[in-house]
$ cat coords-v8.txt   # compact mmCIF, C-alpha atoms and all ligand atoms
# COMPACT_ATOMS: atom_id res chain seq x y z
CA MET A 1038 24.09 12.27 -28.42
CA ASN A 1039 23.29 15.82 -29.53
CA ARG A 1040 21.95 18.41 -27.22
CA VAL A 1041 18.89 19.85 -28.92
CA ALA A 1042 18.11 22.76 -26.66
CA PRO A 1043 20.69 24.36 -24.41
CA LEU A 1044 20.01 25.25 -20.81
CA SER A 1045 17.99 28.41 -20.81
CA ARG A 1046 16.55 30.29 -17.86
CA SER A 1047 17.13 28.63 -14.54
CA ASN A 1048 14.02 26.88 -13.44
CA SER A 1049 13.07 24.57 -10.62
CA MET A 1050 14.05 21.15 -11.80
CA ALA A 1051 11.28 18.65 -11.89
CA ARG A 1052 10.64 15.76 -14.09
CA CYS A 1053 12.09 13.98 -17.07
CA VAL A 1054 10.12 12.89 -20.06
CA ALA A 1055 11.43 10.85 -22.89
CA TRP A 1056 9.94 9.92 -26.21
CA THR A 1057 11.08 8.09 -29.26
CA SER A 1058 8.70 9.43 -31.90
CA PRO A 1059 10.66 11.45 -34.49
CA TRP A 1060 7.47 13.40 -35.15
CA LEU A 1061 7.43 14.58 -31.53
CA SER A 1062 11.17 15.13 -31.46
CA ASP A 1063 10.90 17.49 -34.39
CA ARG A 1064 7.99 19.48 -33.06
CA ILE A 1065 8.37 19.53 -29.30
CA PRO A 1066 11.47 21.75 -29.11
CA ARG A 1067 9.84 24.32 -31.37
CA ILE A 1068 6.50 24.33 -29.57
CA ILE A 1069 7.68 24.19 -26.01
CA SER A 1070 10.75 26.40 -25.90
CA PRO A 1071 8.80 29.56 -25.25
CA LEU A 1072 6.39 27.75 -22.94
CA LEU A 1073 8.57 25.63 -20.73
CA SER A 1074 12.06 26.98 -20.62
CA PRO A 1075 13.37 23.45 -20.93
CA ARG A 1076 16.29 22.89 -18.67
CA TRP A 1077 17.80 20.29 -20.82
CA MET A 1078 16.98 18.35 -23.90
CA GLU A 1079 19.01 15.57 -25.42
CA ARG A 1080 18.68 13.25 -28.34
CA HIS A 1081 20.17 9.82 -27.98
CA SER A 1082 21.45 7.59 -30.72
CA ASP A 1083 18.60 5.13 -30.09
CA GLY A 1084 16.14 7.86 -31.13
CA THR A 1085 15.04 8.74 -27.59
CA THR A 1086 14.70 12.41 -26.73
CA ILE A 1087 14.88 13.43 -23.11
CA LEU A 1088 13.55 16.64 -21.71
CA MET A 1089 13.61 17.97 -18.20
CA ALA A 1090 11.25 20.77 -17.28
CA ARG A 1091 8.84 21.88 -14.62
CA ALA A 1092 6.35 19.08 -14.04
CA SER A 1093 3.21 21.21 -13.93
CA LEU A 1094 4.01 22.93 -17.20
CA LEU A 1095 5.05 19.70 -18.76
CA HIS A 1096 1.75 18.14 -17.75
CA ALA A 1097 -0.26 21.04 -19.15
CA TYR A 1098 1.66 20.84 -22.36
CA SER A 1099 1.76 17.10 -22.77
CA THR A 1100 -1.97 16.45 -22.41
CA GLY A 1101 -2.19 16.77 -26.18
CA TYR A 1102 0.61 14.28 -26.67
CA ASP A 1103 -0.10 10.89 -25.19
CA ALA A 1104 3.15 9.48 -26.45
CA CYS A 1105 4.98 12.03 -24.40
CA MET A 1106 3.22 11.22 -21.14
CA ALA A 1107 3.30 7.49 -21.73
CA VAL A 1108 7.04 7.41 -21.29
CA ASN A 1109 7.22 10.00 -18.53
CA GLN A 1110 9.42 8.34 -15.81
CA SER A 1111 8.95 4.62 -15.41
CA PRO A 1112 5.74 3.41 -13.76
CA MET A 1113 7.89 1.72 -11.10
CA TYR A 1114 9.53 5.11 -10.33
CA ASN A 1115 6.11 6.76 -10.10
CA LYS A 1116 4.97 4.11 -7.60
CA ALA A 1117 8.06 4.74 -5.49
CA GLU A 1118 7.46 8.50 -5.67
CA GLU A 1119 3.90 7.93 -4.52
CA ARG A 1120 5.20 5.91 -1.54
CA TYR A 1121 7.59 8.76 -0.75
CA ARG A 1122 4.79 11.35 -0.81
CA ASN A 1123 2.63 9.16 1.41
CA ALA A 1124 5.36 8.09 3.81
CA SER A 1125 4.34 8.56 7.41
CA SER A 1126 7.79 7.92 8.89
CA PRO A 1127 11.39 8.84 8.01
CA ALA A 1128 12.18 5.13 7.57
CA GLU A 1129 9.47 4.83 4.89
CA LYS A 1130 10.86 7.95 3.21
CA VAL A 1131 14.34 6.42 3.15
CA ALA A 1132 13.06 3.20 1.57
CA ALA A 1133 11.06 5.07 -1.08
CA LEU A 1134 13.92 7.47 -1.94
CA GLU A 1135 16.40 4.59 -2.25
CA GLU A 1136 14.00 2.95 -4.70
CA MET A 1137 13.53 6.22 -6.65
CA LEU A 1138 17.27 6.68 -6.91
CA ARG A 1139 17.69 3.13 -8.15
CA LEU A 1140 14.99 3.60 -10.78
CA VAL A 1141 15.71 7.11 -12.05
CA PRO A 1142 17.15 6.99 -15.60
CA LYS A 1143 20.90 7.53 -15.42
CA HIS A 1144 21.20 10.17 -18.16
CA LYS A 1145 22.97 13.48 -18.21
CA ALA A 1146 19.49 15.03 -18.21
CA SER A 1147 18.61 13.45 -14.89
CA GLU A 1148 21.78 14.47 -13.04
CA LYS A 1149 20.00 17.29 -11.24
CA LEU A 1150 17.15 15.00 -10.28
CA GLN A 1151 19.61 12.40 -8.99
CA ALA A 1152 21.40 15.07 -6.96
CA ALA A 1153 18.10 16.28 -5.49
CA LEU A 1154 17.12 12.74 -4.58
CA LYS A 1155 20.47 12.11 -2.91
CA GLN A 1156 20.07 15.28 -0.88
CA LYS A 1157 16.58 14.26 0.25
CA LEU A 1158 17.83 10.75 1.01
CA SER A 1159 20.59 11.98 3.27
CA ALA A 1160 18.14 14.26 5.12
CA ALA A 1161 15.65 11.38 5.48
CA ARG A 1162 18.43 9.07 6.76
CA GLU A 1163 19.37 11.62 9.41
CA ALA A 1164 15.72 12.02 10.42
CA ALA A 1165 15.31 8.22 10.57
CA ALA A 1166 18.41 7.87 12.75
CA SER A 1167 17.23 10.56 15.16
CA ALA A 1168 13.68 9.10 15.24
CA HIS A 1169 15.21 5.73 16.11
CA LYS A 1170 17.23 7.32 18.93
CA HIS A 1171 14.19 9.05 20.40
CA LYS A 1172 11.80 6.17 20.03
CA SER A 1173 10.21 5.61 23.41
CA GLY A 1174 9.43 1.96 22.71
CA GLY A 1175 5.65 2.35 22.92
CA GLY A 1176 5.07 1.56 19.23
CA GLN A 1177 1.92 3.66 19.41
CA HIS A 1178 2.66 5.28 16.06
CA ASP A 1179 2.41 1.96 14.21
CA ALA A 1180 -0.65 0.64 16.05
CA PHE A 1181 -2.76 0.76 12.88
CA SER A 1182 -0.12 -0.03 10.29
CA VAL A 1183 -0.93 -3.16 8.29
CA PRO A 1184 1.63 -4.81 5.97
CA LYS A 1185 0.38 -4.60 2.40
CA GLN A 1186 -0.71 -7.71 0.56
CA GLY A 1187 -2.29 -8.34 -2.83
CA ALA A 1188 -2.61 -5.87 -5.69
CA GLY A 1189 -3.27 -2.94 -3.39
CA GLN A 1190 -4.39 -1.91 0.06
CA VAL A 1191 -7.83 -0.32 0.51
CA VAL A 1192 -8.39 1.29 3.90
CA LEU A 1193 -11.93 2.02 5.07
CA MET A 1194 -12.60 5.41 6.54
CA GLY A 1195 -15.81 6.79 7.98
CA ALA A 1196 -17.95 7.74 10.93
CA ALA A 1197 -19.25 5.22 13.47
CA ASN A 1198 -21.94 2.74 12.42
CA VAL A 1199 -21.82 3.47 8.69
CA GLY A 1200 -21.07 -0.19 7.94
CA LYS A 1201 -17.29 -0.32 7.41
CA SER A 1202 -16.91 -3.65 9.21
CA SER A 1203 -19.97 -5.03 7.42
CA ILE A 1204 -18.40 -4.24 4.02
CA VAL A 1205 -15.11 -5.91 5.00
CA GLY A 1206 -17.06 -8.84 6.45
CA ALA A 1207 -19.11 -9.26 3.26
CA LEU A 1208 -16.08 -9.32 0.96
CA THR A 1209 -13.42 -11.14 2.99
CA SER A 1210 -13.11 -13.86 5.59
CA ALA A 1211 -11.70 -11.42 8.16
CA LYS A 1212 -13.17 -11.69 11.63
CA VAL A 1213 -14.71 -8.25 11.97
CA GLU A 1214 -16.84 -6.94 14.80
CA ILE A 1215 -20.29 -5.82 13.55
CA ALA A 1216 -22.75 -4.18 15.91
CA ASP A 1217 -25.54 -1.62 15.88
CA TYR A 1218 -23.74 0.54 18.43
CA PRO A 1219 -20.87 2.89 17.57
CA PHE A 1220 -17.16 2.19 18.10
CA SER A 1221 -17.52 -1.56 17.82
CA THR A 1222 -14.20 -1.72 15.91
CA HIS A 1223 -11.06 -0.90 17.91
CA ALA A 1224 -8.19 -2.08 15.72
CA ALA A 1225 -7.19 -2.30 12.08
CA VAL A 1226 -8.51 -5.60 10.71
CA PRO A 1227 -7.19 -6.71 7.31
CA GLY A 1228 -8.89 -9.18 4.99
CA MET A 1229 -8.40 -10.29 1.39
CA ALA A 1230 -11.13 -9.48 -1.13
CA HIS A 1231 -11.07 -10.14 -4.88
CA HIS A 1232 -11.88 -8.40 -8.12
CA GLU A 1233 -12.12 -11.36 -10.52
CA ASP A 1234 -8.79 -13.17 -9.92
CA VAL A 1235 -7.01 -10.13 -8.46
CA PRO A 1236 -6.53 -10.19 -4.67
CA ILE A 1237 -7.08 -6.78 -3.07
CA GLN A 1238 -6.56 -6.14 0.63
CA LEU A 1239 -9.31 -4.39 2.59
CA VAL A 1240 -8.52 -2.94 6.01
CA ASP A 1241 -11.35 -2.28 8.47
CA MET A 1242 -10.70 0.64 10.82
CA PRO A 1243 -12.22 2.18 13.93
CA PRO A 1244 -14.47 5.16 13.23
CA ILE A 1245 -13.27 8.72 12.89
CA MET A 1246 -14.72 11.32 15.18
CA ALA A 1247 -15.16 14.98 14.25
CA GLY A 1248 -11.67 16.30 13.68
CA HIS A 1249 -10.03 13.51 15.60
CA VAL A 1250 -8.55 10.06 15.05
CA GLN A 1251 -6.58 7.75 17.32
CA PRO A 1252 -2.79 8.08 17.01
CA GLY A 1253 -1.55 6.09 14.05
CA MET A 1254 -4.84 6.01 12.15
CA MET A 1255 -3.86 8.91 9.94
CA GLY A 1256 -0.67 7.04 9.03
CA ALA A 1257 -2.79 4.11 7.86
CA PHE A 1258 -4.97 6.41 5.74
CA ARG A 1259 -1.87 7.96 4.21
CA ALA A 1260 -0.28 4.62 3.47
CA ALA A 1261 -3.41 3.24 1.76
CA ASP A 1262 -3.37 2.76 -1.99
CA VAL A 1263 -7.07 3.63 -2.04
CA LEU A 1264 -9.26 5.11 0.69
CA LEU A 1265 -12.80 3.78 0.83
CA ILE A 1266 -14.67 6.71 2.36
CA THR A 1267 -17.86 5.15 3.66
CA VAL A 1268 -21.16 6.88 4.45
CA ASP A 1269 -24.58 5.62 5.57
CA LEU A 1270 -27.45 6.38 3.16
CA SER A 1271 -30.00 5.88 5.95
CA ALA A 1272 -28.40 8.39 8.30
CA ILE A 1273 -29.63 11.91 8.93
CA GLU A 1274 -25.95 12.94 9.20
CA LEU A 1275 -25.12 11.56 5.74
CA ILE A 1276 -23.53 14.77 4.44
CA GLU A 1277 -21.80 15.45 7.74
CA GLN A 1278 -20.24 11.97 7.63
CA TYR A 1279 -18.69 12.78 4.27
CA GLU A 1280 -17.56 16.25 5.28
CA GLN A 1281 -15.93 14.95 8.47
CA CYS A 1282 -13.72 12.71 6.35
CA LEU A 1283 -12.78 15.56 4.00
CA THR A 1284 -12.02 17.91 6.88
CA LEU A 1285 -9.86 15.38 8.65
CA LEU A 1286 -7.90 14.57 5.49
CA ALA A 1287 -7.48 18.25 4.61
CA SER A 1288 -6.19 19.04 8.08
CA HIS A 1289 -3.47 16.45 7.48
CA GLY A 1290 -2.59 17.69 3.99
CA VAL A 1291 -4.39 14.94 2.07
CA ARG A 1292 -6.72 15.58 -0.88
CA PRO A 1293 -8.91 12.63 -1.95
CA VAL A 1294 -9.27 12.19 -5.73
CA SER A 1295 -10.84 9.49 -7.90
CA GLU A 1296 -8.03 9.58 -10.45
CA ALA A 1297 -5.84 6.62 -11.30
CA ILE A 1298 -2.90 8.80 -12.34
CA LEU A 1299 -1.79 11.13 -9.60
CA GLU A 1300 -0.17 14.44 -10.35
CA PHE A 1301 1.99 15.54 -7.44
CA ASP A 1302 2.63 19.19 -6.86
CA GLU A 1303 6.25 20.25 -7.06
CA ASP A 1304 5.71 22.12 -3.82
CA GLU A 1305 6.01 19.40 -1.20
CA SER A 1306 3.93 21.40 1.28
CA ALA A 1307 0.86 21.21 -1.00
CA ALA A 1308 -1.89 18.68 -0.18
CA VAL A 1309 -0.98 15.18 -1.34
CA PRO A 1310 -3.53 13.58 -3.69
CA LYS A 1311 -4.86 10.26 -2.44
CA ARG A 1312 -6.92 7.86 -4.54
CA ALA A 1313 -10.36 7.48 -2.97
CA ILE A 1314 -13.84 6.15 -3.68
CA LEU A 1315 -17.01 7.01 -1.85
CA ALA A 1316 -18.94 3.92 -0.78
CA ALA A 1317 -22.54 4.94 -0.12
CA ASN A 1318 -23.67 2.04 2.08
CA LYS A 1319 -27.07 0.73 3.23
CA LEU A 1320 -28.62 1.07 -0.22
CA ASP A 1321 -31.22 -1.48 0.89
CA THR A 1322 -32.76 0.88 3.45
CA PRO A 1323 -35.99 2.82 2.73
CA GLY A 1324 -35.40 6.14 0.95
CA ALA A 1325 -31.70 5.35 0.34
CA ARG A 1326 -31.81 6.17 -3.40
CA ASP A 1327 -33.50 9.52 -2.80
CA ASN A 1328 -30.96 10.30 -0.11
CA LEU A 1329 -28.19 9.43 -2.56
CA ASP A 1330 -29.62 11.85 -5.14
CA GLY A 1331 -29.82 14.57 -2.51
CA PHE A 1332 -26.28 13.82 -1.38
CA ARG A 1333 -24.92 14.16 -4.92
CA GLU A 1334 -26.79 17.40 -5.48
CA LEU A 1335 -25.92 19.06 -2.20
CA THR A 1336 -22.27 18.06 -1.94
CA GLY A 1337 -21.27 18.01 -5.62
CA CYS A 1338 -18.95 15.22 -4.47
CA PRO A 1339 -16.22 14.93 -7.10
CA LEU A 1340 -15.26 11.41 -6.04
CA LYS A 1341 -16.54 8.31 -7.74
CA ILE A 1342 -19.63 7.29 -5.74
CA VAL A 1343 -20.48 3.60 -5.56
CA PRO A 1344 -23.85 2.79 -3.98
CA VAL A 1345 -23.63 -0.51 -2.07
CA SER A 1346 -25.40 -2.62 0.47
CA ALA A 1347 -23.16 -4.70 2.71
CA THR A 1348 -26.28 -6.56 3.81
CA SER A 1349 -27.66 -7.60 0.39
CA GLY A 1350 -24.33 -7.52 -1.47
CA GLU A 1351 -25.73 -5.14 -4.11
CA GLY A 1352 -23.05 -2.94 -5.67
CA LEU A 1353 -20.11 -4.71 -4.01
CA PRO A 1354 -18.71 -6.26 -7.25
CA GLU A 1355 -18.99 -2.85 -8.95
CA MET A 1356 -17.19 -1.30 -5.97
CA MET A 1357 -14.33 -3.80 -6.28
CA ALA A 1358 -14.13 -3.13 -10.04
CA ALA A 1359 -13.91 0.62 -9.34
CA VAL A 1360 -11.17 -0.01 -6.79
CA PHE A 1361 -9.23 -2.13 -9.29
CA GLU A 1362 -9.50 0.58 -11.93
CA LEU A 1363 -8.25 3.19 -9.50
CA LEU A 1364 -5.30 1.08 -8.34
CA ASN A 1365 -3.78 1.69 -11.77
CA VAL A 1366 -2.34 -1.81 -12.03
CA ILE A 1367 -2.53 -4.64 -14.53
CA ARG A 1368 -2.39 -8.39 -14.05
CA VAL A 1369 -0.30 -10.57 -16.29
CA TYR A 1370 0.17 -14.33 -16.37
CA ALA A 1371 3.52 -16.01 -16.85
CA LYS A 1372 4.01 -19.03 -19.06
CA LYS A 1373 7.06 -21.27 -19.52
CA PRO A 1374 7.92 -22.26 -23.14
CA GLY A 1375 5.99 -25.39 -24.10
CA LYS A 1376 4.00 -25.35 -20.84
CA PRO A 1377 0.41 -24.25 -20.23
CA VAL A 1378 -0.19 -20.83 -18.73
CA ASP A 1379 -0.35 -20.60 -14.93
CA LYS A 1380 -3.47 -18.56 -14.20
CA SER A 1381 -3.53 -19.32 -10.47
CA SER A 1382 -1.65 -16.23 -9.35
CA PRO A 1383 -1.26 -13.32 -11.73
CA PHE A 1384 1.65 -10.91 -11.43
CA ILE A 1385 0.52 -7.41 -10.54
CA LEU A 1386 2.38 -4.50 -12.14
CA PRO A 1387 1.74 -0.78 -12.49
CA VAL A 1388 0.00 0.38 -15.68
CA GLY A 1389 2.70 1.12 -18.25
CA ALA A 1390 5.02 -1.68 -17.05
CA THR A 1391 7.11 -3.39 -19.71
CA ILE A 1392 8.33 -6.93 -20.33
CA HIS A 1393 11.59 -5.86 -18.64
CA ASP A 1394 9.68 -4.66 -15.55
CA LEU A 1395 7.95 -8.04 -15.35
CA ALA A 1396 11.32 -9.81 -15.50
CA VAL A 1397 12.73 -7.56 -12.74
CA HIS A 1398 9.60 -8.24 -10.68
CA ILE A 1399 10.09 -12.01 -10.99
CA HIS A 1400 13.84 -11.99 -10.40
CA LYS A 1401 16.69 -9.52 -11.01
CA ASP A 1402 18.81 -12.26 -12.63
CA LEU A 1403 16.03 -13.03 -15.07
CA ALA A 1404 15.98 -9.39 -16.20
CA GLU A 1405 19.70 -9.53 -16.92
CA LYS A 1406 19.31 -12.65 -19.06
CA LEU A 1407 16.16 -11.43 -20.83
CA SER A 1408 16.22 -11.44 -24.64
CA GLY A 1409 12.55 -10.80 -25.38
CA ALA A 1410 9.18 -12.47 -24.98
CA ARG A 1411 6.19 -13.92 -26.68
CA ILE A 1412 2.81 -12.54 -25.61
CA TRP A 1413 -0.86 -13.33 -26.01
CA GLY A 1414 -3.98 -11.23 -25.36
CA GLY A 1415 -4.65 -7.52 -25.62
CA THR A 1416 -3.92 -5.76 -28.89
CA VAL A 1417 -1.14 -8.09 -30.06
CA HIS A 1418 -1.42 -11.09 -32.38
CA ASP A 1419 -1.47 -14.27 -30.33
CA GLY A 1420 2.06 -15.46 -29.66
CA GLN A 1421 3.65 -12.29 -31.07
CA LEU A 1422 7.38 -11.85 -30.40
CA VAL A 1423 8.14 -8.60 -28.61
CA THR A 1424 11.20 -6.86 -27.16
CA ALA A 1425 11.91 -6.05 -23.51
CA THR A 1426 10.55 -2.51 -23.90
CA HIS A 1427 7.09 -3.69 -25.00
CA VAL A 1428 4.39 -2.23 -22.73
CA LEU A 1429 2.12 -4.86 -21.19
CA THR A 1430 -1.66 -4.65 -20.89
CA ASP A 1431 -4.11 -6.21 -18.44
CA LYS A 1432 -4.52 -10.01 -18.81
CA ASN A 1433 -1.52 -10.46 -21.14
CA VAL A 1434 -0.01 -13.95 -21.07
CA VAL A 1435 3.79 -13.65 -21.22
CA GLU A 1436 6.46 -16.19 -22.08
CA LEU A 1437 9.84 -14.68 -21.16
CA HIS A 1438 12.83 -15.71 -23.27
CA GLU A 1439 16.40 -15.82 -21.95
CA LYS A 1440 19.55 -15.09 -23.94
N1 LIG B 1 -29.63 -2.26 6.40
C1 LIG B 1 -28.31 -2.30 6.42
N2 LIG B 1 -27.65 -2.32 7.57
C2 LIG B 1 -26.30 -2.34 7.54
C3 LIG B 1 -25.57 -2.36 6.32
N3 LIG B 1 -24.27 -2.36 6.63
C4 LIG B 1 -24.16 -2.36 7.96
N4 LIG B 1 -25.39 -2.35 8.54
C5 LIG B 1 -25.70 -2.33 9.95
O1 LIG B 1 -25.16 -1.14 10.53
C6 LIG B 1 -24.68 -1.38 11.85
C7 LIG B 1 -23.23 -0.93 11.95
O2 LIG B 1 -22.45 -1.77 11.13
P1 LIG B 1 -20.88 -1.91 11.33
O3 LIG B 1 -20.37 -2.68 10.17
O4 LIG B 1 -20.54 -2.42 12.67
O5 LIG B 1 -20.45 -0.38 11.22
P2 LIG B 1 -18.99 0.26 11.40
O6 LIG B 1 -18.90 1.41 10.48
O7 LIG B 1 -17.96 -0.77 11.30
O8 LIG B 1 -19.08 0.80 12.89
P3 LIG B 1 -17.85 1.19 13.87
O9 LIG B 1 -16.92 0.03 13.94
O10 LIG B 1 -18.50 1.48 15.16
O11 LIG B 1 -17.23 2.39 13.29
C8 LIG B 1 -24.89 -2.87 12.11
O12 LIG B 1 -26.08 -3.06 12.82
C9 LIG B 1 -25.00 -3.47 10.72
O13 LIG B 1 -25.75 -4.66 10.67
C10 LIG B 1 -26.33 -2.35 5.10
O14 LIG B 1 -25.81 -2.37 3.98
N5 LIG B 1 -27.68 -2.32 5.21
MG MG B 2 -16.59 -1.41 12.64
$ encode --input "coords-v8.txt" --output "structure tokens" --more "lines below"
Ligand SMILES: Nc1nc2c(ncn2[C@@H]2O[C@H](COP(=O)(O)OP(=O)(O)OP(=O)(O)O)[C@@H](O)[C@H]2O)c(=O)[nH]1
Ligand SMILES: [Mg+2]
Amino acid sequence: MNRVAPLSRSNSMARCVAWTSPWLSDRIPRIISPLLSPRWMERHSDGTTILMARASLLHAYSTGYDACMAVNQSPMYNKAEERYRNASSPAEKVAALEEMLRLVPKHKASEKLQAALKQKLSAAREAAASAHKHKSGGGQHDAFSVPKQGAGQVVLMGAANVGKSSIVGALTSAKVEIADYPFSTHAAVPGMAHHEDVPIQLVDMPPIMAGHVQPGMMGAFRAADVLLITVDLSAIELIEQYEQCLTLLASHGVRPVSEAILEFDEDESAAVPKRAILAANKLDTPGARDNLDGFRELTGCPLKIVPVSATSGEGLPEMMAAVFELLNVIRVYAKKPGKPVDKSSPFILPVGATIHDLAVHIHKDLAEKLSGARIWGGTVHDGQLVTATHVLTDKNVVELHEK
């Protein structure tokens, strides 16, 4: 292992990237040294180069180099980091940090990152212990917390009467309360919807009021994988409904974005990006399409807008497809050698997951015994033999091989 670039100026430590392309390895040190002040760069005997530098700079730089970003931390680590950023309790922070520490690559280059994680973990453990001591037993804080199921959790957010419960009712078998008077929903009501064969959890919520939510609701919005901000295309207050959601999120340090890949700010006090879609409901009502045009024009809403009608069902499949795309996950099917593929329940993994990640997901022991795999679908030849580091794509069929 040769160090390529020595430690230069001290810099706030951020993120590791690694790449194996010799082309990149030759050029990156030369191009980035003046730009990034790399903290550390190493070449490993397997051809991997590891660089640690400030995340924001690295991102700006690496946009021209897909290969570089593609191997930036593991997708499992990124998921855990996302859970950490969205944690609404010290206990959730502890769980996410433990996972991040387990998943961070154990290289010399990541020693600083490991140390920082350990420091955060011990602070979070202390906070969790003191929160436990002071817990009054009311459980109020968790009143709206719903255990996640399926490929991702989508929490509905919006003013009264916009049709949140109607959307959940149209897509799931959950017993939701639908009424033409406001505040008909009082609790979080989960239900399972589908995009093709992928189960996705929808959670109906009580309405938000200007600048105010019931205790615990904000925690549910933070914990969501995707927020479905819902507005009513027939309402005079259409724009206000949208702005109320934005204001509430902003006042709690949350910034909705329709991007599958989240870029967290190094500064932990900055607003946390949250994946969100805008569901413009009641498309079946008179004048709804004109109102939608006006809404787009006047708000310049940067979120992905999906026009839907919970009543007629129009737009709901497109909305679920948009949610699936934003969840940034893939589905893969497992197959035993000599047996037909089991398509009844796909495995859901983050985009960028490898054969090894799939094995870990199924069972830790399986990952240890893994020798490689045969895969079908996507860009590979049917039945192609691949190694554990092969990156999976949506709808791959995988036959794991043990040593
Ligand atoms: N025309 C039309 N009416 C709808 C649609 N979706 C919901 N509604 C009606 O709007 C009213 C409110 O619907 P809900 O689903 O209860 O609204 P909500 O957002 O859950 O309301 P709260 O629980 O009070 O926040 C009901 O009368 C629904 O039948 C739609 O797509 N088209
Ligand atoms: Mg409701």
$ residues_near_ligand --input "coords-v8.txt" --ligand "ligand MG 2 (chain B)" --cutoff "7 Å" --atoms "all atoms listed in the file" --output "count of residues only"
13
$ residues_near_point --input "coords-v8.txt" --point "(-21.8, 12.8, 1.0)" --cutoff "7 Å" --atoms "all atoms listed in the file" --output "list in words"
Val1268, Leu1275, Ile1276, Gln1278, Tyr1279, Glu1280, Phe1332, Arg1333, Thr1336 and Cys1338 of chain A
$ atom_distance --input "coords-v8.txt" --atom1 "CA of Gly1420 (chain A)" --atom2 "CA of His1393 (chain A)"
17.4 Å
$ residues_around --input "coords-v8.txt" --residues "Ser1111 (chain A)" --least-positions-apart "4" --cutoff "8 Å" --atoms "only C-alpha atoms" --output "compact mmCIF listing (two decimals) with C-alpha atoms, keeping the file's coordinate frame"
# COMPACT_ATOMS: atom_id res chain seq x y z
CA ASN A 1115 6.11 6.76 -10.10
CA LEU A 1140 14.99 3.60 -10.78
CA VAL A 1141 15.71 7.11 -12.05
CA GLY A 1389 2.70 1.12 -18.25
CA ALA A 1390 5.02 -1.68 -17.05
$ closest_residue --input "coords-v8.txt" --among "A:Lys1373, A:Lys1440, A:His1427, A:Lys1145" --to "Asp1402 (chain A)" --atoms "only C-alpha atoms"
A:Lys1440
$ residues_near_point --input "coords-v8.txt" --point "(17.2, 7.4, -5.2)" --cutoff "9 Å" --atoms "all atoms listed in the file" --output "list of chain:residue names"
A:Val1131, A:Ala1132, A:Ala1133, A:Leu1134, A:Glu1135, A:Glu1136, A:Met1137, A:Leu1138, A:Arg1139, A:Leu1140, A:Val1141, A:Gln1151, A:Ala1152, A:Ala1153, A:Leu1154, A:Lys1155, A:Lys1157, A:Leu1158
$ write_last_selection --input "coords-v8.txt" --atoms "C-alpha atoms" --output "mmCIF file, in the coordinates of the input"
data_model
loop_
_atom_site.group_PDB
_atom_site.id
_atom_site.type_symbol
_atom_site.label_atom_id
_atom_site.label_comp_id
_atom_site.auth_asym_id
_atom_site.auth_seq_id
_atom_site.Cartn_x
_atom_site.Cartn_y
_atom_site.Cartn_z
ATOM 1 C CA VAL A 1131 14.340 6.420 3.150
ATOM 2 C CA ALA A 1132 13.060 3.200 1.570
ATOM 3 C CA ALA A 1133 11.060 5.070 -1.080
ATOM 4 C CA LEU A 1134 13.920 7.470 -1.940
ATOM 5 C CA GLU A 1135 16.400 4.590 -2.250
ATOM 6 C CA GLU A 1136 14.000 2.950 -4.700
ATOM 7 C CA MET A 1137 13.530 6.220 -6.650
ATOM 8 C CA LEU A 1138 17.270 6.680 -6.910
ATOM 9 C CA ARG A 1139 17.690 3.130 -8.150
ATOM 10 C CA LEU A 1140 14.990 3.600 -10.780
ATOM 11 C CA VAL A 1141 15.710 7.110 -12.050
ATOM 12 C CA GLN A 1151 19.610 12.400 -8.990
ATOM 13 C CA ALA A 1152 21.400 15.070 -6.960
ATOM 14 C CA ALA A 1153 18.100 16.280 -5.490
ATOM 15 C CA LEU A 1154 17.120 12.740 -4.580
ATOM 16 C CA LYS A 1155 20.470 12.110 -2.910
ATOM 17 C CA LYS A 1157 16.580 14.260 0.250
ATOM 18 C CA LEU A 1158 17.830 10.750 1.010
#
